[in-house]
file upload_25.pdb (PDB, C-alpha atoms and all ligand atoms)
ATOM      1  CA  MET A   1       7.766 -25.550  22.814
ATOM      2  CA  LEU A   2      11.185 -25.870  21.137
ATOM      3  CA  LYS A   3      13.369 -28.965  21.150
ATOM      4  CA  VAL A   4      16.786 -29.214  19.505
ATOM      5  CA  GLN A   5      18.208 -32.731  19.492
ATOM      6  CA  GLY A   6      21.639 -33.930  18.396
ATOM      7  CA  LEU A   7      22.161 -30.953  16.108
ATOM      8  CA  ASN A   8      25.393 -30.779  14.082
ATOM      9  CA  THR A   9      26.056 -27.717  11.913
ATOM     10  CA  TYR A  10      29.092 -27.208   9.696
ATOM     11  CA  TYR A  11      30.440 -24.367   7.576
ATOM     12  CA  GLY A  12      32.364 -26.387   4.999
ATOM     13  CA  GLN A  13      34.814 -28.422   7.091
ATOM     14  CA  VAL A  14      34.371 -26.214  10.179
ATOM     15  CA  CYS A  15      32.145 -27.760  12.827
ATOM     16  CA  ALA A  16      30.218 -24.860  14.412
ATOM     17  CA  LEU A  17      27.777 -26.956  16.496
ATOM     18  CA  GLU A  18      28.374 -30.497  17.722
ATOM     19  CA  ASP A  19      25.653 -32.691  19.194
ATOM     20  CA  MET A  20      23.611 -29.720  20.416
ATOM     21  CA  ASN A  21      20.662 -30.472  22.691
ATOM     22  CA  ILE A  22      18.532 -27.692  24.122
ATOM     23  CA  HIS A  23      14.867 -27.131  24.850
ATOM     24  CA  VAL A  24      12.591 -24.215  25.704
ATOM     25  CA  LYS A  25       9.262 -24.693  27.461
ATOM     26  CA  GLU A  26       6.224 -22.534  26.867
ATOM     27  CA  ARG A  27       6.524 -19.151  28.648
ATOM     28  CA  GLU A  28      10.121 -19.819  29.624
ATOM     29  CA  ALA A  29      12.968 -17.332  29.231
ATOM     30  CA  VAL A  30      16.085 -19.245  28.228
ATOM     31  CA  SER A  31      19.549 -17.799  27.599
ATOM     32  CA  VAL A  32      22.576 -19.217  25.831
ATOM     33  CA  ILE A  33      25.909 -17.736  26.835
ATOM     34  CA  GLY A  34      29.380 -18.268  25.435
ATOM     35  CA  ALA A  35      32.422 -16.415  24.156
ATOM     36  CA  ASN A  36      33.067 -15.134  20.639
ATOM     37  CA  GLY A  37      32.778 -17.924  18.093
ATOM     38  CA  ALA A  38      31.188 -20.387  20.537
ATOM     39  CA  GLY A  39      28.367 -21.074  18.075
ATOM     40  CA  LYS A  40      25.571 -18.996  19.586
ATOM     41  CA  SER A  41      24.501 -17.276  16.363
ATOM     42  CA  THR A  42      24.824 -20.527  14.440
ATOM     43  CA  LEU A  43      22.422 -22.145  16.889
ATOM     44  CA  LEU A  44      19.780 -19.460  16.294
ATOM     45  CA  LYS A  45      20.371 -19.459  12.536
ATOM     46  CA  SER A  46      20.023 -23.258  12.439
ATOM     47  CA  ILE A  47      16.747 -23.058  14.364
ATOM     48  CA  MET A  48      15.474 -20.255  12.127
ATOM     49  CA  GLY A  49      16.298 -22.072   8.886
ATOM     50  CA  GLU A  50      19.003 -19.624   7.837
ATOM     51  CA  VAL A  51      21.751 -22.239   8.059
ATOM     52  CA  LYS A  52      21.205 -25.882   7.128
ATOM     53  CA  PRO A  53      22.278 -28.344   9.825
ATOM     54  CA  LYS A  54      24.123 -31.486   8.726
ATOM     55  CA  SER A  55      22.148 -33.705  11.090
ATOM     56  CA  GLY A  56      19.876 -33.634  14.120
ATOM     57  CA  GLU A  57      16.299 -32.594  14.695
ATOM     58  CA  ILE A  58      14.495 -29.368  15.610
ATOM     59  CA  LYS A  59      10.894 -29.443  16.790
ATOM     60  CA  LEU A  60       8.597 -26.445  17.315
ATOM     61  CA  VAL A  61       5.634 -27.495  19.453
ATOM     62  CA  ASP A  62       5.030 -30.964  17.943
ATOM     63  CA  LYS A  63       6.147 -30.234  14.416
ATOM     64  CA  THR A  64       9.556 -31.159  13.034
ATOM     65  CA  ILE A  65      10.948 -27.974  11.500
ATOM     66  CA  THR A  66      14.506 -29.030  10.652
ATOM     67  CA  ASN A  67      15.411 -27.415   7.319
ATOM     68  CA  SER A  68      12.097 -25.515   7.080
ATOM     69  CA  ARG A  69      12.248 -22.248   5.150
ATOM     70  CA  THR A  70      12.522 -19.139   7.320
ATOM     71  CA  PHE A  71       9.272 -17.513   6.141
ATOM     72  CA  ARG A  72       7.378 -20.713   7.000
ATOM     73  CA  LEU A  73       8.805 -20.613  10.506
ATOM     74  CA  VAL A  74       7.565 -17.045  10.881
ATOM     75  CA  ASN A  75       4.114 -18.370   9.967
ATOM     76  CA  HIS A  76       4.545 -21.100  12.593
ATOM     77  CA  GLY A  77       5.024 -18.411  15.245
ATOM     78  CA  MET A  78       8.774 -17.920  15.577
ATOM     79  CA  THR A  79      10.819 -14.795  14.768
ATOM     80  CA  LEU A  80      14.426 -13.761  15.154
ATOM     81  CA  VAL A  81      15.862 -10.388  16.173
ATOM     82  CA  PRO A  82      19.172 -10.602  14.322
ATOM     83  CA  GLU A  83      22.626  -9.734  15.592
ATOM     84  CA  GLY A  84      23.428  -6.094  14.820
ATOM     85  CA  ARG A  85      19.705  -5.218  14.697
ATOM     86  CA  GLN A  86      19.614  -4.779  10.900
ATOM     87  CA  VAL A  87      16.982  -2.067  10.752
ATOM     88  CA  PHE A  88      16.498  -0.375   7.365
ATOM     89  CA  PRO A  89      18.267   2.938   8.086
ATOM     90  CA  TYR A  90      16.698   4.982   5.280
ATOM     91  CA  LEU A  91      13.143   3.903   6.007
ATOM     92  CA  SER A  92      11.057   5.510   8.723
ATOM     93  CA  VAL A  93      10.688   3.859  12.095
ATOM     94  CA  TRP A  94       7.059   3.161  11.228
ATOM     95  CA  ASP A  95       7.873   1.582   7.849
ATOM     96  CA  ASN A  96      10.413  -0.681   9.548
ATOM     97  CA  LEU A  97       7.627  -1.901  11.816
ATOM     98  CA  ILE A  98       5.227  -2.360   8.908
ATOM     99  CA  LEU A  99       7.839  -4.471   7.070
ATOM    100  CA  GLY A 100       7.998  -6.819  10.071
ATOM    101  CA  GLY A 101       4.359  -7.624   9.379
ATOM    102  CA  TYR A 102       4.908  -8.677   5.765
ATOM    103  CA  THR A 103       2.892 -11.848   6.287
ATOM    104  CA  LEU A 104      -0.160  -9.853   7.482
ATOM    105  CA  ASN A 105      -2.730  -7.975   5.423
ATOM    106  CA  GLN A 106      -2.449  -4.203   5.171
ATOM    107  CA  LYS A 107      -5.085  -3.379   7.777
ATOM    108  CA  ASP A 108      -3.631  -5.795  10.341
ATOM    109  CA  ARG A 109      -0.135  -4.437   9.742
ATOM    110  CA  ALA A 110      -1.146  -0.918  10.811
ATOM    111  CA  LYS A 111      -3.048  -2.291  13.805
ATOM    112  CA  MET A 112      -0.116  -4.429  14.905
ATOM    113  CA  ALA A 113       2.351  -1.543  14.465
ATOM    114  CA  GLU A 114       0.213   0.428  16.938
ATOM    115  CA  GLU A 115       0.136  -2.530  19.311
ATOM    116  CA  VAL A 116       3.817  -3.506  19.254
ATOM    117  CA  SER A 117       5.000   0.088  19.627
ATOM    118  CA  GLU A 118       2.947   0.571  22.786
ATOM    119  CA  PRO A 119       5.693  -0.648  25.173
ATOM    120  CA  PHE A 120       8.238   1.497  23.288
ATOM    121  CA  PRO A 121       7.126   5.169  23.583
ATOM    122  CA  ILE A 122      10.316   6.378  21.880
ATOM    123  CA  LEU A 123       9.320   4.545  18.684
ATOM    124  CA  ARG A 124       5.965   6.311  18.674
ATOM    125  CA  GLU A 125       7.550   9.696  19.301
ATOM    126  CA  ARG A 126       9.947   9.190  16.391
ATOM    127  CA  LYS A 127       7.764   7.145  14.071
ATOM    128  CA  ASN A 128       8.310   9.407  11.048
ATOM    129  CA  GLN A 129      12.070   9.728  11.425
ATOM    130  CA  MET A 130      14.536   7.585   9.504
ATOM    131  CA  ALA A 131      15.473   4.544  11.578
ATOM    132  CA  GLY A 132      19.175   5.216  10.999
ATOM    133  CA  LEU A 133      18.857   8.367  13.127
ATOM    134  CA  LEU A 134      17.895   6.362  16.221
ATOM    135  CA  SER A 135      20.556   5.539  18.820
ATOM    136  CA  GLY A 136      21.869   1.964  19.001
ATOM    137  CA  GLY A 137      19.593   1.165  21.933
ATOM    138  CA  GLU A 138      16.570   2.641  20.174
ATOM    139  CA  GLN A 139      17.382   0.641  17.034
ATOM    140  CA  GLN A 140      17.510  -2.499  19.168
ATOM    141  CA  MET A 141      14.055  -1.628  20.550
ATOM    142  CA  LEU A 142      12.845  -1.144  16.965
ATOM    143  CA  ALA A 143      14.271  -4.517  15.887
ATOM    144  CA  ILE A 144      12.517  -6.186  18.832
ATOM    145  CA  ALA A 145       9.201  -4.412  18.169
ATOM    146  CA  ARG A 146       9.477  -5.320  14.462
ATOM    147  CA  ALA A 147       9.897  -8.987  15.366
ATOM    148  CA  MET A 148       6.774  -8.756  17.549
ATOM    149  CA  MET A 149       4.653  -7.693  14.543
ATOM    150  CA  VAL A 150       3.636 -11.306  13.855
ATOM    151  CA  SER A 151       2.791 -12.032  17.532
ATOM    152  CA  PRO A 152       5.424 -14.763  17.798
ATOM    153  CA  LYS A 153       4.910 -17.579  20.272
ATOM    154  CA  LEU A 154       8.682 -17.869  20.443
ATOM    155  CA  LEU A 155      11.002 -14.891  20.096
ATOM    156  CA  LEU A 156      14.691 -15.518  19.355
ATOM    157  CA  LEU A 157      17.183 -12.735  20.093
ATOM    158  CA  ASP A 158      20.792 -12.696  18.896
ATOM    159  CA  GLU A 159      23.130 -10.572  21.052
ATOM    160  CA  PRO A 160      20.644  -7.887  22.123
ATOM    161  CA  SER A 161      23.365  -6.086  24.099
ATOM    162  CA  MET A 162      25.862  -5.877  21.248
ATOM    163  CA  GLY A 163      27.549  -2.485  20.892
ATOM    164  CA  LEU A 164      25.410  -0.805  23.550
ATOM    165  CA  SER A 165      26.494   1.178  26.601
ATOM    166  CA  PRO A 166      25.761  -0.454  29.987
ATOM    167  CA  ARG A 167      22.790   1.869  30.537
ATOM    168  CA  LEU A 168      21.240   1.002  27.187
ATOM    169  CA  VAL A 169      21.892  -2.718  27.721
ATOM    170  CA  TYR A 170      19.935  -2.411  30.947
ATOM    171  CA  GLU A 171      17.058  -0.608  29.202
ATOM    172  CA  VAL A 172      16.917  -3.168  26.383
ATOM    173  CA  TYR A 173      16.824  -6.044  28.882
ATOM    174  CA  GLU A 174      14.072  -4.261  30.814
ATOM    175  CA  LYS A 175      11.978  -4.265  27.627
ATOM    176  CA  ILE A 176      12.742  -7.911  26.865
ATOM    177  CA  THR A 177      11.720  -8.790  30.426
ATOM    178  CA  GLU A 178       8.465  -6.876  29.929
ATOM    179  CA  LEU A 179       7.695  -8.844  26.746
ATOM    180  CA  HIS A 180       8.400 -12.076  28.595
ATOM    181  CA  GLN A 181       6.113 -11.043  31.444
ATOM    182  CA  ARG A 182       3.374 -10.309  28.904
ATOM    183  CA  GLY A 183       3.567 -13.958  27.818
ATOM    184  CA  THR A 184       6.163 -14.287  25.049
ATOM    185  CA  THR A 185       8.477 -17.307  25.264
ATOM    186  CA  ILE A 186      12.062 -16.172  24.728
ATOM    187  CA  LEU A 187      15.334 -17.792  23.690
ATOM    188  CA  LEU A 188      18.261 -15.390  23.586
ATOM    189  CA  VAL A 189      21.979 -15.677  23.053
ATOM    190  CA  ASP A 190      24.371 -13.090  24.400
ATOM    191  CA  GLN A 191      28.047 -12.663  25.194
ATOM    192  CA  ASN A 192      26.941 -10.447  28.058
ATOM    193  CA  ALA A 193      26.574 -13.381  30.442
ATOM    194  CA  GLU A 194      25.691 -11.274  33.446
ATOM    195  CA  MET A 195      22.606  -9.731  31.827
ATOM    196  CA  ALA A 196      21.625 -12.924  30.012
ATOM    197  CA  ILE A 197      21.741 -15.034  33.173
ATOM    198  CA  ASP A 198      19.974 -12.434  35.305
ATOM    199  CA  PHE A 199      17.155 -12.250  32.767
ATOM    200  CA  CYS A 200      16.501 -15.956  32.264
ATOM    201  CA  ASP A 201      14.789 -18.831  34.022
ATOM    202  CA  ARG A 202      17.391 -21.288  32.667
ATOM    203  CA  ALA A 203      20.568 -21.006  30.642
ATOM    204  CA  TYR A 204      22.965 -23.056  28.550
ATOM    205  CA  VAL A 205      26.711 -22.513  28.234
ATOM    206  CA  LEU A 206      28.371 -23.037  24.844
ATOM    207  CA  MET A 207      32.064 -23.439  24.218
ATOM    208  CA  ALA A 208      33.588 -24.127  20.795
ATOM    209  CA  GLY A 209      30.311 -25.457  19.434
ATOM    210  CA  ARG A 210      29.598 -27.788  22.342
ATOM    211  CA  LEU A 211      27.282 -27.570  25.307
ATOM    212  CA  VAL A 212      29.423 -27.425  28.451
ATOM    213  CA  GLY A 213      26.872 -26.398  31.052
ATOM    214  CA  GLU A 214      23.201 -25.858  31.754
ATOM    215  CA  GLY A 215      21.020 -25.054  34.706
ATOM    216  CA  THR A 216      18.693 -22.620  36.340
ATOM    217  CA  LYS A 217      19.812 -19.041  36.844
ATOM    218  CA  GLN A 218      20.887 -19.790  40.417
ATOM    219  CA  GLU A 219      22.590 -23.077  39.551
ATOM    220  CA  LEU A 220      24.734 -21.326  36.969
ATOM    221  CA  LYS A 221      25.542 -18.427  39.275
ATOM    222  CA  ASP A 222      26.734 -20.997  41.824
ATOM    223  CA  THR A 223      28.904 -22.851  39.296
ATOM    224  CA  GLU A 224      32.560 -21.909  39.719
ATOM    225  CA  ILE A 225      33.529 -22.150  36.047
ATOM    226  CA  VAL A 226      30.597 -19.922  35.033
ATOM    227  CA  ARG A 227      31.404 -17.403  37.770
ATOM    228  CA  LYS A 228      35.094 -17.279  36.857
ATOM    229  CA  SER A 229      34.834 -17.452  33.077
ATOM    230  CA  TYR A 230      31.684 -15.480  32.373
ATOM    231  CA  LEU A 231      30.607 -13.431  35.370
ATOM    232  CA  GLY A 232      33.997 -11.913  36.266
TER     233      GLY A 232
HETATM  234  N1  LIG A 301      29.516 -18.088   7.336
HETATM  235  C1  LIG A 301      30.498 -18.737   7.980
HETATM  236  N2  LIG A 301      31.448 -19.410   7.301
HETATM  237  C2  LIG A 301      32.434 -20.086   7.952
HETATM  238  N3  LIG A 301      32.552 -20.151   9.286
HETATM  239  C3  LIG A 301      31.644 -19.498  10.002
HETATM  240  C4  LIG A 301      30.561 -18.758   9.402
HETATM  241  N4  LIG A 301      29.809 -18.213  10.385
HETATM  242  C5  LIG A 301      30.373 -18.601  11.543
HETATM  243  N5  LIG A 301      31.470 -19.364  11.322
HETATM  244  C6  LIG A 301      32.328 -19.989  12.328
HETATM  245  O1  LIG A 301      31.503 -20.821  13.131
HETATM  246  C7  LIG A 301      31.889 -20.705  14.513
HETATM  247  C8  LIG A 301      30.682 -20.239  15.333
HETATM  248  O2  LIG A 301      30.347 -18.895  14.939
HETATM  249  P1  LIG A 301      29.082 -18.116  15.540
HETATM  250  O3  LIG A 301      28.980 -16.829  14.800
HETATM  251  O4  LIG A 301      27.938 -19.007  15.579
HETATM  252  O5  LIG A 301      29.584 -17.849  17.034
HETATM  253  P2  LIG A 301      28.990 -16.859  18.119
HETATM  254  O6  LIG A 301      29.060 -17.583  19.415
HETATM  255  O7  LIG A 301      27.691 -16.334  17.696
HETATM  256  O8  LIG A 301      30.076 -15.705  18.105
HETATM  257  P3  LIG A 301      29.845 -14.102  18.116
HETATM  258  O9  LIG A 301      29.436 -13.789  19.497
HETATM  259  O10 LIG A 301      31.198 -13.578  17.756
HETATM  260  O11 LIG A 301      28.806 -13.799  17.082
HETATM  261  C9  LIG A 301      33.078 -19.760  14.548
HETATM  262  O12 LIG A 301      34.260 -20.544  14.512
HETATM  263  C10 LIG A 301      32.931 -18.965  13.273
HETATM  264  O13 LIG A 301      34.178 -18.513  12.801
END

call {"tool": "encode", "arguments": {"input": "upload_25.pdb", "output": "structure tokens"}}
result
Amino acid sequence: MLKVQGLNTYYGQVCALEDMNIHVKEREAVSVIGANGAGKSTLLKSIMGEVKPKSGEIKLVDKTITNSRTFRLVNHGMTLVPEGRQVFPYLSVWDNLILGGYTLNQKDRAKMAEEVSEPFPILRERKNQMAGLLSGGEQQMLAIARAMMVSPKLLLLDEPSMGLSPRLVYEVYEKITELHQRGTTILLVDQNAEMAIDFCDRAYVLMAGRLVGEGTKQELKDTEIVRKSYLG
């Protein structure tokens, strides 16, 4: 479904991604792990058209999407749940959902908001409250549900566990797993290697902008460097 080949991304003179090659098959759950500054967010931003790669190719299904505008990629069936959630704190939970469906017509937006909030009862209970009053975990659920408003074929998630207590991290991953089981293909990046590896079918390991490992969940768990460096 997604193929990234020989991708190089720079911020000025700083090389953030070097010769990056990853792929995600339809219905797969793929994780990318790595420490602070490894290039995980840059990878998602490059895929999502938020950062312009210097060279390389990105394909979504059979279409080359390198340098496509973000809103076009949403129309092609790909959405990103950004790092830090970025909900609109002074808008209601419901209006945050509705905004996620900006490419839909008004009637479909309301219908989709009903649909995407179904796996998240807390969002329904608090639909009229300001989103900023939700807990961090609830805001993460809202950001995920908002991204689901356009029924993405491929959902990208940037650090879904960021700033959450272990219990909330577990709950958020439970929801992501549920979405995957319902048929959404997922690519996520997370510093929380334990959760990210447990969740996925396959994972990649990034270090200083380069790919240093890849494999199935079990292969990575059995790799000494992954166990020592990322799984504690
Ligand atoms: N806007 C920017 N301008 C300059 N350098 C940047 C910019 N954004 C990221 N970088 C640099 O690019 C490298 C990769 O950063 P990136 O945010 O992709 O890493 P990350 O793995 O997502 O880290 P984190 O988990 O801390 O978000 C780092 O060296 C970072 O300092």

call {"tool": "residues_near_ligand", "arguments": {"input": "upload_25.pdb", "ligand": "ligand LIG 301 (chain A)", "cutoff": "8 Å", "atoms": "only C-alpha atoms and all ligand atoms", "output": "list in words"}}
result
Tyr10, Tyr11, Gly12, Val14, Cys15, Ala16, Leu17, Gly34, Ala35, Asn36, Gly37, Ala38, Gly39, Lys40, Ser41, Thr42, Leu43, Glu83, Asp158, Glu159, Val189, Asp190, Gln191, Leu206, Ala208 and Gly209 of chain A

call {"tool": "write_last_selection", "arguments": {"input": "upload_25.pdb", "atoms": "C-alpha atoms", "output": "mmCIF file, in the frame of the given file"}}
result
data_model
loop_
_atom_site.group_PDB
_atom_site.id
_atom_site.type_symbol
_atom_site.label_atom_id
_atom_site.label_comp_id
_atom_site.auth_asym_id
_atom_site.auth_seq_id
_atom_site.Cartn_x
_atom_site.Cartn_y
_atom_site.Cartn_z
ATOM 1 C CA TYR A 10 29.092 -27.208 9.696
ATOM 2 C CA TYR A 11 30.440 -24.367 7.576
ATOM 3 C CA GLY A 12 32.364 -26.387 4.999
ATOM 4 C CA VAL A 14 34.371 -26.214 10.179
ATOM 5 C CA CYS A 15 32.145 -27.760 12.827
ATOM 6 C CA ALA A 16 30.218 -24.860 14.412
ATOM 7 C CA LEU A 17 27.777 -26.956 16.496
ATOM 8 C CA GLY A 34 29.380 -18.268 25.435
ATOM 9 C CA ALA A 35 32.422 -16.415 24.156
ATOM 10 C CA ASN A 36 33.067 -15.134 20.639
ATOM 11 C CA GLY A 37 32.778 -17.924 18.093
ATOM 12 C CA ALA A 38 31.188 -20.387 20.537
ATOM 13 C CA GLY A 39 28.367 -21.074 18.075
ATOM 14 C CA LYS A 40 25.571 -18.996 19.586
ATOM 15 C CA SER A 41 24.501 -17.276 16.363
ATOM 16 C CA THR A 42 24.824 -20.527 14.440
ATOM 17 C CA LEU A 43 22.422 -22.145 16.889
ATOM 18 C CA GLU A 83 22.626 -9.734 15.592
ATOM 19 C CA ASP A 158 20.792 -12.696 18.896
ATOM 20 C CA GLU A 159 23.130 -10.572 21.052
ATOM 21 C CA VAL A 189 21.979 -15.677 23.053
ATOM 22 C CA ASP A 190 24.371 -13.090 24.400
ATOM 23 C CA GLN A 191 28.047 -12.663 25.194
ATOM 24 C CA LEU A 206 28.371 -23.037 24.844
ATOM 25 C CA ALA A 208 33.588 -24.127 20.795
ATOM 26 C CA GLY A 209 30.311 -25.457 19.434
#

call {"tool": "atom_distance", "arguments": {"input": "upload_25.pdb", "atom1": "atom CA of A:Ser46", "atom2": "atom CA of A:Thr103"}}
result
21.5 Å

call {"tool": "closest_residue", "arguments": {"input": "upload_25.pdb", "among": "A:Thr9, A:Asp19, A:Asn96, A:Ile33", "to": "A:Val226", "atoms": "all atoms listed in the file"}}
result
A:Ile33

call {"tool": "resolve_selection", "arguments": {"input": "upload_25.pdb", "expression": "the PyMOL selection byres (((chain A and resi 99) around 10) and not hetatm)", "output": "list in words"}}
result
Phe88, Leu91, Trp94, Asp95, Asn96, Leu97, Ile98, Gly100, Gly101, Tyr102, Thr103, Leu104, Arg109, Ala113, Arg146, Ala147 and Met149 of chain A

call {"tool": "residues_around", "arguments": {"input": "upload_25.pdb", "residues": "A:Asn192", "least_positions_apart": "5", "cutoff": "12 Å", "atoms": "only C-alpha atoms", "output": "VMD selection string"}}
result
chain A and resid 31 to 36 158 to 166 169 to 170 173 197 to 199 229 to 232

call {"tool": "residues_around", "arguments": {"input": "upload_25.pdb", "residues": "A:Ser92", "least_positions_apart": "6", "cutoff": "7 Å", "atoms": "only C-alpha atoms", "output": "VMD selection string"}}
result
chain A and resid 127 to 131

call {"tool": "write_last_selection", "arguments": {"input": "upload_25.pdb", "atoms": "C-alpha atoms", "output": "mmCIF file, in the frame of the given file"}}
result
data_model
loop_
_atom_site.group_PDB
_atom_site.id
_atom_site.type_symbol
_atom_site.label_atom_id
_atom_site.label_comp_id
_atom_site.auth_asym_id
_atom_site.auth_seq_id
_atom_site.Cartn_x
_atom_site.Cartn_y
_atom_site.Cartn_z
ATOM 1 C CA LYS A 127 7.764 7.145 14.071
ATOM 2 C CA ASN A 128 8.310 9.407 11.048
ATOM 3 C CA GLN A 129 12.070 9.728 11.425
ATOM 4 C CA MET A 130 14.536 7.585 9.504
ATOM 5 C CA ALA A 131 15.473 4.544 11.578
#

call {"tool": "resolve_selection", "arguments": {"input": "upload_25.pdb", "expression": "the PyMOL selection byres (((chain A and resi 184) around 8) and not hetatm)", "output": "JSON, numbers by chain"}}
result
{"A": [27, 152, 153, 154, 155, 179, 180, 181, 182, 183, 185, 186]}

call {"tool": "closest_residue", "arguments": {"input": "upload_25.pdb", "among": "A:Ala193, A:Leu142, A:Val116, A:Ile65", "to": "A:Arg85", "atoms": "all atoms listed in the file"}}
result
A:Leu142

call {"tool": "closest_residue", "arguments": {"input": "upload_25.pdb", "among": "A:Leu156, A:Cys200, A:Ile47, A:Val30", "to": "A:Asn8", "atoms": "all atoms listed in the file"}}
result
A:Ile47

call {"tool": "resolve_selection", "arguments": {"input": "upload_25.pdb", "expression": "the PyMOL selection byres (((chain A and resi 2) around 6) and not hetatm)", "output": "tab-separated table (two decimals) with C-alpha atoms, keeping the file's coordinate frame"}}
result
chain	number	residue	atom	x	y	z
A	1	MET	CA	7.77	-25.55	22.81
A	3	LYS	CA	13.37	-28.96	21.15
A	23	HIS	CA	14.87	-27.13	24.85
A	24	VAL	CA	12.59	-24.22	25.70
A	59	LYS	CA	10.89	-29.44	16.79
A	60	LEU	CA	8.60	-26.44	17.32

call {"tool": "residues_around", "arguments": {"input": "upload_25.pdb", "residues": "stretch 67-70 of chain A", "least_positions_apart": "2", "cutoff": "8 Å", "atoms": "all atoms listed in the file", "output": "list in words"}}
result
Met48, Gly49, Glu50, Lys52, Pro53, Ile65, Arg72, Leu73 and Val74 of chain A

call {"tool": "write_last_selection", "arguments": {"input": "upload_25.pdb", "atoms": "C-alpha atoms", "output": "PDB file, keeping the file's coordinate frame"}}
result
ATOM      1  CA  MET A  48      15.474 -20.255  12.127  1.00  0.00           C
ATOM      2  CA  GLY A  49      16.298 -22.072   8.886  1.00  0.00           C
ATOM      3  CA  GLU A  50      19.003 -19.624   7.837  1.00  0.00           C
ATOM      4  CA  LYS A  52      21.205 -25.882   7.128  1.00  0.00           C
ATOM      5  CA  PRO A  53      22.278 -28.344   9.825  1.00  0.00           C
ATOM      6  CA  ILE A  65      10.948 -27.974  11.500  1.00  0.00           C
ATOM      7  CA  ARG A  72       7.378 -20.713   7.000  1.00  0.00           C
ATOM      8  CA  LEU A  73       8.805 -20.613  10.506  1.00  0.00           C
ATOM      9  CA  VAL A  74       7.565 -17.045  10.881  1.00  0.00           C
TER      10      VAL A  74
END

call {"tool": "closest_residue", "arguments": {"input": "upload_25.pdb", "among": "A:Glu138, A:Glu18, A:Glu214, A:Glu26", "to": "A:Arg124", "atoms": "all atoms listed in the file"}}
result
A:Glu138

call {"tool": "atom_distance", "arguments": {"input": "upload_25.pdb", "atom1": "atom CA of A:Thr216", "atom2": "atom CA of A:Glu194"}}
result
13.6 Å

call {"tool": "atom_distance", "arguments": {"input": "upload_25.pdb", "atom1": "atom CA of A:Lys54", "atom2": "atom CA of A:Met78"}}
result
21.6 Å

call {"tool": "closest_residue", "arguments": {"input": "upload_25.pdb", "among": "A:Leu168, A:Val51, A:Leu134, A:Val150", "to": "A:Thr66", "atoms": "all atoms listed in the file"}}
result
A:Val51

call {"tool": "residues_around", "arguments": {"input": "upload_25.pdb", "residues": "A:Gly56", "least_positions_apart": "6", "cutoff": "6 Å", "atoms": "all atoms listed in the file", "output": "list in words"}}
result
Gln5, Gly6 and Leu7 of chain A

call {"tool": "write_last_selection", "arguments": {"input": "upload_25.pdb", "atoms": "C-alpha atoms", "output": "mmCIF file, in the frame of the given file"}}
result
data_model
loop_
_atom_site.group_PDB
_atom_site.id
_atom_site.type_symbol
_atom_site.label_atom_id
_atom_site.label_comp_id
_atom_site.auth_asym_id
_atom_site.auth_seq_id
_atom_site.Cartn_x
_atom_site.Cartn_y
_atom_site.Cartn_z
ATOM 1 C CA GLN A 5 18.208 -32.731 19.492
ATOM 2 C CA GLY A 6 21.639 -33.930 18.396
ATOM 3 C CA LEU A 7 22.161 -30.953 16.108
#

call {"tool": "closest_residue", "arguments": {"input": "upload_25.pdb", "among": "A:Val81, A:Met20, A:Ala110, A:Ile122", "to": "A:Gln140", "atoms": "only C-alpha atoms"}}
result
A:Val81

call {"tool": "axis_aligned_box", "arguments": {"input": "upload_25.pdb", "around": "stretch 183-191 of chain A", "padding_each_side": "3 Å", "output": "lines of an AutoDock Vina configuration file"}}
result
center_x = 15.8
center_y = -15.2
center_z = 25.4
size_x = 30.5
size_y = 11.1
size_z = 10.8

call {"tool": "build_atoms", "arguments": {"input": "upload_25.pdb", "residues": "stretch 59-68 of chain A", "atoms": "N, CA and C atoms", "output": "PDB file, keeping the file's coordinate frame"}}
result
ATOM      1  N   LYS A  59      12.355 -29.384  16.746  1.00  0.00           N
ATOM      2  CA  LYS A  59      10.894 -29.443  16.790  1.00  0.00           C
ATOM      3  C   LYS A  59      10.341 -28.164  17.395  1.00  0.00           C
ATOM      4  N   LEU A  60       9.300 -27.614  16.769  1.00  0.00           N
ATOM      5  CA  LEU A  60       8.597 -26.445  17.315  1.00  0.00           C
ATOM      6  C   LEU A  60       7.188 -26.928  17.646  1.00  0.00           C
ATOM      7  N   VAL A  61       6.819 -26.837  18.910  1.00  0.00           N
ATOM      8  CA  VAL A  61       5.634 -27.495  19.453  1.00  0.00           C
ATOM      9  C   VAL A  61       5.755 -28.981  19.057  1.00  0.00           C
ATOM     10  N   ASP A  62       4.859 -29.541  18.257  1.00  0.00           N
ATOM     11  CA  ASP A  62       5.030 -30.964  17.943  1.00  0.00           C
ATOM     12  C   ASP A  62       5.470 -31.196  16.512  1.00  0.00           C
ATOM     13  N   LYS A  63       5.843 -30.127  15.837  1.00  0.00           N
ATOM     14  CA  LYS A  63       6.147 -30.234  14.416  1.00  0.00           C
ATOM     15  C   LYS A  63       7.666 -30.232  14.193  1.00  0.00           C
ATOM     16  N   THR A  64       8.133 -31.162  13.387  1.00  0.00           N
ATOM     17  CA  THR A  64       9.556 -31.159  13.034  1.00  0.00           C
ATOM     18  C   THR A  64       9.803 -30.043  12.026  1.00  0.00           C
ATOM     19  N   ILE A  65      10.721 -29.151  12.363  1.00  0.00           N
ATOM     20  CA  ILE A  65      10.948 -27.974  11.500  1.00  0.00           C
ATOM     21  C   ILE A  65      12.371 -27.939  10.936  1.00  0.00           C
ATOM     22  N   THR A  66      13.129 -29.006  11.159  1.00  0.00           N
ATOM     23  CA  THR A  66      14.506 -29.030  10.652  1.00  0.00           C
ATOM     24  C   THR A  66      14.475 -28.733   9.152  1.00  0.00           C
ATOM     25  N   ASN A  67      15.301 -27.795   8.743  1.00  0.00           N
ATOM     26  CA  ASN A  67      15.411 -27.415   7.319  1.00  0.00           C
ATOM     27  C   ASN A  67      14.175 -26.720   6.749  1.00  0.00           C
ATOM     28  N   SER A  68      13.240 -26.284   7.602  1.00  0.00           N
ATOM     29  CA  SER A  68      12.097 -25.515   7.080  1.00  0.00           C
ATOM     30  C   SER A  68      12.590 -24.153   6.604  1.00  0.00           C
TER      31      SER A  68
END
